[in-house]
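For reference, the structure is listed below as structure tokens.
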Amino acid sequence: MRKQALILVCIVVFGVVGSCHGGSLKKGYYDNTCPDAEAIIKNATEKRVANDPTLPARFLRMHFHDCFVRGCDGSVLLNSTTNNTAEKDAIPNLTLAGFDVIDDIKAEVEKECPNVVSCADVLALAARDAVSFKFQKALWNVLTGRRDGTVSQASEALANLPSPFSNFSTLVQKFANKGLNVQDLVVLSGGHTIGVGHCNTFSNRLYNFTGNGDQDPSLNATYATFLKTQCKSLSDNTTFVAMDPSSGLTFDNNYYVTLKQNKGLFQSDAALITNEISRIIVDELLVSEVFFREFALSMVKMGATGVLTGNEGEIRKKCSVVN
């Protein structure tokens, strides 16, 4: 039985992730203080996703990048100040997008319930609701009760976020640092089934893999030829391609099919088939219902990473600035 089952026990028996993760997140945290909060966030998110099908990938990535730096505390949403370069201006986060939409959704919640719902919870719920929109049902539970952090530093994003250039052992360590295991690593990487990758995050695999002007031999040759038609040089940092070449806007388990075809876009994707244990997990996730079940479990686990609860942190009025 995998670790996530312990979390389910917490949820089912107590409605709380407490003893498992040291926080006190629970289902329906705002039921008494802002009963319509989750409905407001869901409606606002769905209205925007209906007009912009790129938002599910953007919100999912933003939530992931938030949780990996200082825990899921909304620190990725804070703007830089004169004296501080914030996470969102760190190199790995320069391609994050949708901050303005999160600000708008938060503003709608504030109208109904001022100073009650955290930006960290708004982001966690919006990510779930955006990805779930096409399915017309929630794909995973979002436990709430997170508080907002007051610190956001670009240097910490650089230190904590997994890199698209990472090998398997580095990825395992980055996830372990957040209390996440190999199962979580392989399952959450499946989020790459939606969204795009910019050329400069993988073009070394096309043009200069070992520093000798060569191509990564582990990359599917036909796919590499196609990628070269999109990314013409190592210096291209504006062009982007779908991370999942056949269903870049569809949230499904096709990512694992592409991995088996050696079409993982990033070195960090290809790394998942360099280890025997992770290869077994990849094979299991080729079954759609297994992927959706496991993704739901790992998202609950990631969403409880390093959360601030109780009287810790604050409830930001605006997500981009501390109170």
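In the structure tokens, chains take letters A, B, ... by order of appearance, with residues numbered from 1 within each chain and ligands from 1 in the order shown.
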
Write out as a Markdown table a residue-level contact list of range 76-101 of chain A versus range 50-69 of chain A with cut-off 10 Å: for each qualifying residue the closest pair of atoms and the distance in Å to one decimal, counting only C-alpha atoms, rows sorted by chain and residue number upward.
```
| residue | atom | partner | partner_atom | distance |
| --- | --- | --- | --- | --- |
| A:Val76 | CA | A:Asp66 | CA | 5.1 |
| A:Leu77 | CA | A:Asp66 | CA | 8.0 |
| A:Glu87 | CA | A:Val69 | CA | 8.4 |
| A:Lys88 | CA | A:His65 | CA | 9.4 |
| A:Pro92 | CA | A:His65 | CA | 9.0 |
| A:Asn93 | CA | A:His65 | CA | 7.8 |
| A:Thr95 | CA | A:Arg58 | CA | 9.3 |
| A:Leu96 | CA | A:Met62 | CA | 6.5 |
| A:Ala97 | CA | A:Arg58 | CA | 6.0 |
| A:Gly98 | CA | A:Arg58 | CA | 6.5 |
| A:Phe99 | CA | A:Met62 | CA | 8.7 |
| A:Val101 | CA | A:Leu55 | CA | 9.1 |
```

List the neighbours of range 106-121 of chain A out to 7 Å using only C-alpha atoms; skip same-chain residues closer than 4 positions along the sequence, and give me the result as an mmCIF file with N, CA and C atoms, in the first residue's frame.
```cif
data_model
loop_
_atom_site.group_PDB
_atom_site.id
_atom_site.type_symbol
_atom_site.label_atom_id
_atom_site.label_comp_id
_atom_site.auth_asym_id
_atom_site.auth_seq_id
_atom_site.Cartn_x
_atom_site.Cartn_y
_atom_site.Cartn_z
ATOM 1 N N CYS A 34 -17.086 31.177 4.877
ATOM 2 C CA CYS A 34 -17.356 31.670 3.515
ATOM 3 C C CYS A 34 -17.926 30.511 2.701
ATOM 4 N N ALA A 37 -17.359 30.052 -1.069
ATOM 5 C CA ALA A 37 -16.007 30.294 -1.581
ATOM 6 C C ALA A 37 -15.637 29.346 -2.728
ATOM 7 N N ILE A 40 -17.643 30.006 -5.886
ATOM 8 C CA ILE A 40 -17.220 31.257 -6.546
ATOM 9 C C ILE A 40 -15.948 31.001 -7.349
ATOM 10 N N CYS A 72 2.990 24.974 -0.125
ATOM 11 C CA CYS A 72 1.868 25.583 -0.858
ATOM 12 C C CYS A 72 1.361 26.787 -0.069
ATOM 13 N N ASP A 73 2.054 27.920 -0.217
ATOM 14 C CA ASP A 73 1.748 29.099 0.611
ATOM 15 C C ASP A 73 1.484 30.347 -0.217
ATOM 16 N N GLY A 74 1.297 30.174 -1.533
ATOM 17 C CA GLY A 74 1.024 31.318 -2.389
ATOM 18 C C GLY A 74 2.209 32.241 -2.597
ATOM 19 N N ILE A 102 -5.546 34.704 -11.574
ATOM 20 C CA ILE A 102 -5.653 34.340 -10.151
ATOM 21 C C ILE A 102 -6.025 35.576 -9.334
ATOM 22 N N LEU A 125 -7.371 25.480 -5.590
ATOM 23 C CA LEU A 125 -8.712 25.178 -6.094
ATOM 24 C C LEU A 125 -8.831 25.504 -7.584
ATOM 25 N N THR A 144 -8.623 22.352 2.167
ATOM 26 C CA THR A 144 -8.350 23.782 2.300
ATOM 27 C C THR A 144 -7.990 24.144 3.736
ATOM 28 N N ARG A 146 -5.138 26.467 3.958
ATOM 29 C CA ARG A 146 -3.771 27.014 3.833
ATOM 30 C C ARG A 146 -3.787 28.500 4.185
ATOM 31 N N ARG A 147 -2.681 28.965 4.732
ATOM 32 C CA ARG A 147 -2.481 30.398 4.951
ATOM 33 C C ARG A 147 -1.410 30.867 3.979
ATOM 34 N N ASP A 148 -1.357 32.178 3.760
ATOM 35 C CA ASP A 148 -0.411 32.741 2.802
ATOM 36 C C ASP A 148 0.913 33.104 3.462
ATOM 37 N N ILE A 315 -3.739 36.018 5.657
ATOM 38 C CA ILE A 315 -4.669 35.909 4.530
ATOM 39 C C ILE A 315 -4.471 37.187 3.715
ATOM 40 N N ARG A 316 -3.795 37.056 2.583
ATOM 41 C CA ARG A 316 -3.531 38.248 1.769
ATOM 42 C C ARG A 316 -4.822 38.832 1.196
ATOM 43 N N LYS A 317 -4.877 40.160 1.160
ATOM 44 C CA LYS A 317 -6.015 40.819 0.514
ATOM 45 C C LYS A 317 -5.846 40.770 -1.000
ATOM 46 N N CYS A 319 -3.253 38.977 -3.957
ATOM 47 C CA CYS A 319 -2.297 37.860 -4.001
ATOM 48 C C CYS A 319 -0.874 38.285 -4.347
#
```

Can I get the residues of range 174-251 of chain A within 9 Å of range 281-298 of chain A, each with the closest pair of atoms and their distance in Å to one decimal, using only C-alpha atoms, sorted chain first then ascending number, as a tab-separated table?
```
residue	atom	partner	partner_atom	distance
A:Leu180	CA	A:Ser298	CA	8.4
A:Val182	CA	A:Ile281	CA	8.8
A:Gln183	CA	A:Ile281	CA	6.9
A:Asp184	CA	A:Ser298	CA	5.6
A:Leu185	CA	A:Ser298	CA	8.8
A:Val186	CA	A:Val282	CA	6.9
A:Val187	CA	A:Phe295	CA	5.8
A:Leu188	CA	A:Phe295	CA	6.4
A:Gly190	CA	A:Phe295	CA	8.0
A:Gly191	CA	A:Phe295	CA	8.6
```

Could you write out that same residue set with all heavy atoms as a tab-separated table (two decimals), in the first residue's frame?
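result.tsv, freshly written:
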```tsv
chain	number	residue	atom	x	y	z
A	180	LEU	N	7.88	13.69	-1.03
A	180	LEU	CA	7.24	12.99	-2.14
A	180	LEU	C	8.18	11.88	-2.63
A	180	LEU	O	9.40	12.05	-2.67
A	180	LEU	CB	6.92	13.96	-3.28
A	180	LEU	CG	5.99	15.12	-2.90
A	180	LEU	CD1	5.94	16.17	-4.00
A	180	LEU	CD2	4.58	14.61	-2.59
A	182	VAL	N	9.08	8.27	-5.33
A	182	VAL	CA	9.26	8.00	-6.75
A	182	VAL	C	7.90	7.87	-7.44
A	182	VAL	O	7.72	8.32	-8.58
A	182	VAL	CB	10.11	6.73	-6.98
A	182	VAL	CG1	10.16	6.35	-8.45
A	182	VAL	CG2	11.53	6.95	-6.45
A	183	GLN	N	6.95	7.25	-6.76
A	183	GLN	CA	5.59	7.14	-7.31
A	183	GLN	C	5.03	8.53	-7.61
A	183	GLN	O	4.50	8.78	-8.70
A	183	GLN	CB	4.69	6.41	-6.31
A	183	GLN	CG	3.24	6.28	-6.75
A	183	GLN	CD	2.96	5.06	-7.59
A	183	GLN	OE1	3.81	4.19	-7.73
A	183	GLN	NE2	1.77	5.00	-8.17
A	184	ASP	N	5.16	9.44	-6.66
A	184	ASP	CA	4.67	10.80	-6.86
A	184	ASP	C	5.40	11.49	-8.01
A	184	ASP	O	4.79	12.20	-8.81
A	184	ASP	CB	4.86	11.63	-5.58
A	184	ASP	CG	4.13	11.04	-4.39
A	184	ASP	OD1	2.94	10.72	-4.51
A	184	ASP	OD2	4.77	10.88	-3.33
A	185	LEU	N	6.70	11.28	-8.09
A	185	LEU	CA	7.50	11.86	-9.17
A	185	LEU	C	6.97	11.45	-10.54
A	185	LEU	O	6.72	12.30	-11.40
A	185	LEU	CB	8.97	11.42	-9.02
A	185	LEU	CG	9.87	11.55	-10.25
A	185	LEU	CD1	9.99	13.00	-10.71
A	185	LEU	CD2	11.26	10.97	-9.97
A	186	VAL	N	6.77	10.16	-10.73
A	186	VAL	CA	6.34	9.67	-12.04
A	186	VAL	C	4.89	10.09	-12.31
A	186	VAL	O	4.56	10.51	-13.43
A	186	VAL	CB	6.48	8.13	-12.12
A	186	VAL	CG1	6.03	7.63	-13.49
A	186	VAL	CG2	7.93	7.71	-11.86
A	187	VAL	N	4.05	10.03	-11.30
A	187	VAL	CA	2.64	10.37	-11.47
A	187	VAL	C	2.47	11.87	-11.75
A	187	VAL	O	1.76	12.27	-12.68
A	187	VAL	CB	1.83	9.96	-10.22
A	187	VAL	CG1	0.43	10.55	-10.26
A	187	VAL	CG2	1.76	8.44	-10.11
A	188	LEU	N	3.11	12.73	-10.95
A	188	LEU	CA	2.95	14.16	-11.13
A	188	LEU	C	3.61	14.66	-12.41
A	188	LEU	O	3.15	15.66	-12.99
A	188	LEU	CB	3.49	14.92	-9.91
A	188	LEU	CG	2.69	14.70	-8.62
A	188	LEU	CD1	3.41	15.32	-7.42
A	188	LEU	CD2	1.28	15.27	-8.74
A	190	GLY	N	3.17	13.34	-15.06
A	190	GLY	CA	2.10	13.18	-16.03
A	190	GLY	C	1.33	14.47	-16.29
A	190	GLY	O	0.60	14.56	-17.28
A	191	GLY	N	1.51	15.47	-15.44
A	191	GLY	CA	0.95	16.79	-15.70
A	191	GLY	C	1.47	17.38	-16.99
A	191	GLY	O	0.87	18.31	-17.57
```

Shell of 8 Å around range 43-46 of chain A, only C-alpha atoms, local chain residues under 5 positions omitted, as a list of chain:residue names
A:Ile105, A:Glu108, A:Ala126, A:Asp129, A:Ala130, A:Phe133

Just the selected residues (N, CA and C atoms), exported as an mmCIF file, in the first residue's frame, please.
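Contents of the output file part32.cif:
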```cif
data_model
loop_
_atom_site.group_PDB
_atom_site.id
_atom_site.type_symbol
_atom_site.label_atom_id
_atom_site.label_comp_id
_atom_site.auth_asym_id
_atom_site.auth_seq_id
_atom_site.Cartn_x
_atom_site.Cartn_y
_atom_site.Cartn_z
ATOM 1 N N ILE A 105 -9.727 36.178 -9.791
ATOM 2 C CA ILE A 105 -10.550 35.193 -9.071
ATOM 3 C C ILE A 105 -10.554 35.512 -7.574
ATOM 4 N N GLU A 108 -12.888 38.308 -6.778
ATOM 5 C CA GLU A 108 -14.300 37.899 -6.718
ATOM 6 C C GLU A 108 -14.640 37.283 -5.361
ATOM 7 N N ALA A 126 -8.265 26.635 -8.001
ATOM 8 C CA ALA A 126 -8.342 27.022 -9.409
ATOM 9 C C ALA A 126 -7.602 26.023 -10.303
ATOM 10 N N ASP A 129 -9.927 23.012 -10.517
ATOM 11 C CA ASP A 129 -11.141 23.311 -11.276
ATOM 12 C C ASP A 129 -10.854 23.537 -12.759
ATOM 13 N N ALA A 130 -9.694 24.108 -13.058
ATOM 14 C CA ALA A 130 -9.330 24.344 -14.460
ATOM 15 C C ALA A 130 -9.092 23.021 -15.187
ATOM 16 N N PHE A 133 -12.342 21.026 -15.719
ATOM 17 C CA PHE A 133 -13.426 21.676 -16.459
ATOM 18 C C PHE A 133 -14.007 20.802 -17.572
#
```

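Residues of range 3-149 of chain A carrying a DSSP assignment of strand (DSSP E or B), computed from the backbone, are A:Val16, A:Val17, A:Leu25, A:Lys26, A:Thr81, A:Asn84, A:Thr144, A:Arg147, A:Asp148.
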
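Atom pair CA of Arg279 in chain A / CA of Ala124 in chain A has a distance of 29.1 Å (rounded to one decimal).
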
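In this structure, CA of Lys42 in chain A sits 8.9 Å away from CA of Arg128 in chain A.
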
Which residues come within 10 Å of Ser218 in chain A, counting only C-alpha atoms, excluding same-chain residues fewer than 3 positions away, as a list of chain:residue names?
A:Arg205, A:Gln215, A:Ala221, A:Asn262, A:Lys263, A:Gly264, A:Gln267, A:Ala270, A:Ala271, A:Thr274

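CA of Leu25 in chain A sits 9.5 Å away from CA of Gly310 in chain A.
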
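Distance annotation: of A:Asn160, A:Gln173, A:Ser278, A:Thr201, the residue with the minimal separation from Lys260 in chain A is A:Ser278; atom set is only C-alpha atoms.
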
DSSP on the backbone: which residues in range 73-137 of chain A end up as helix (DSSP H, G or I)? Give the answer as a ChimeraX atom specification.
/A:75-77,87-89,91-93,99-112,119-135
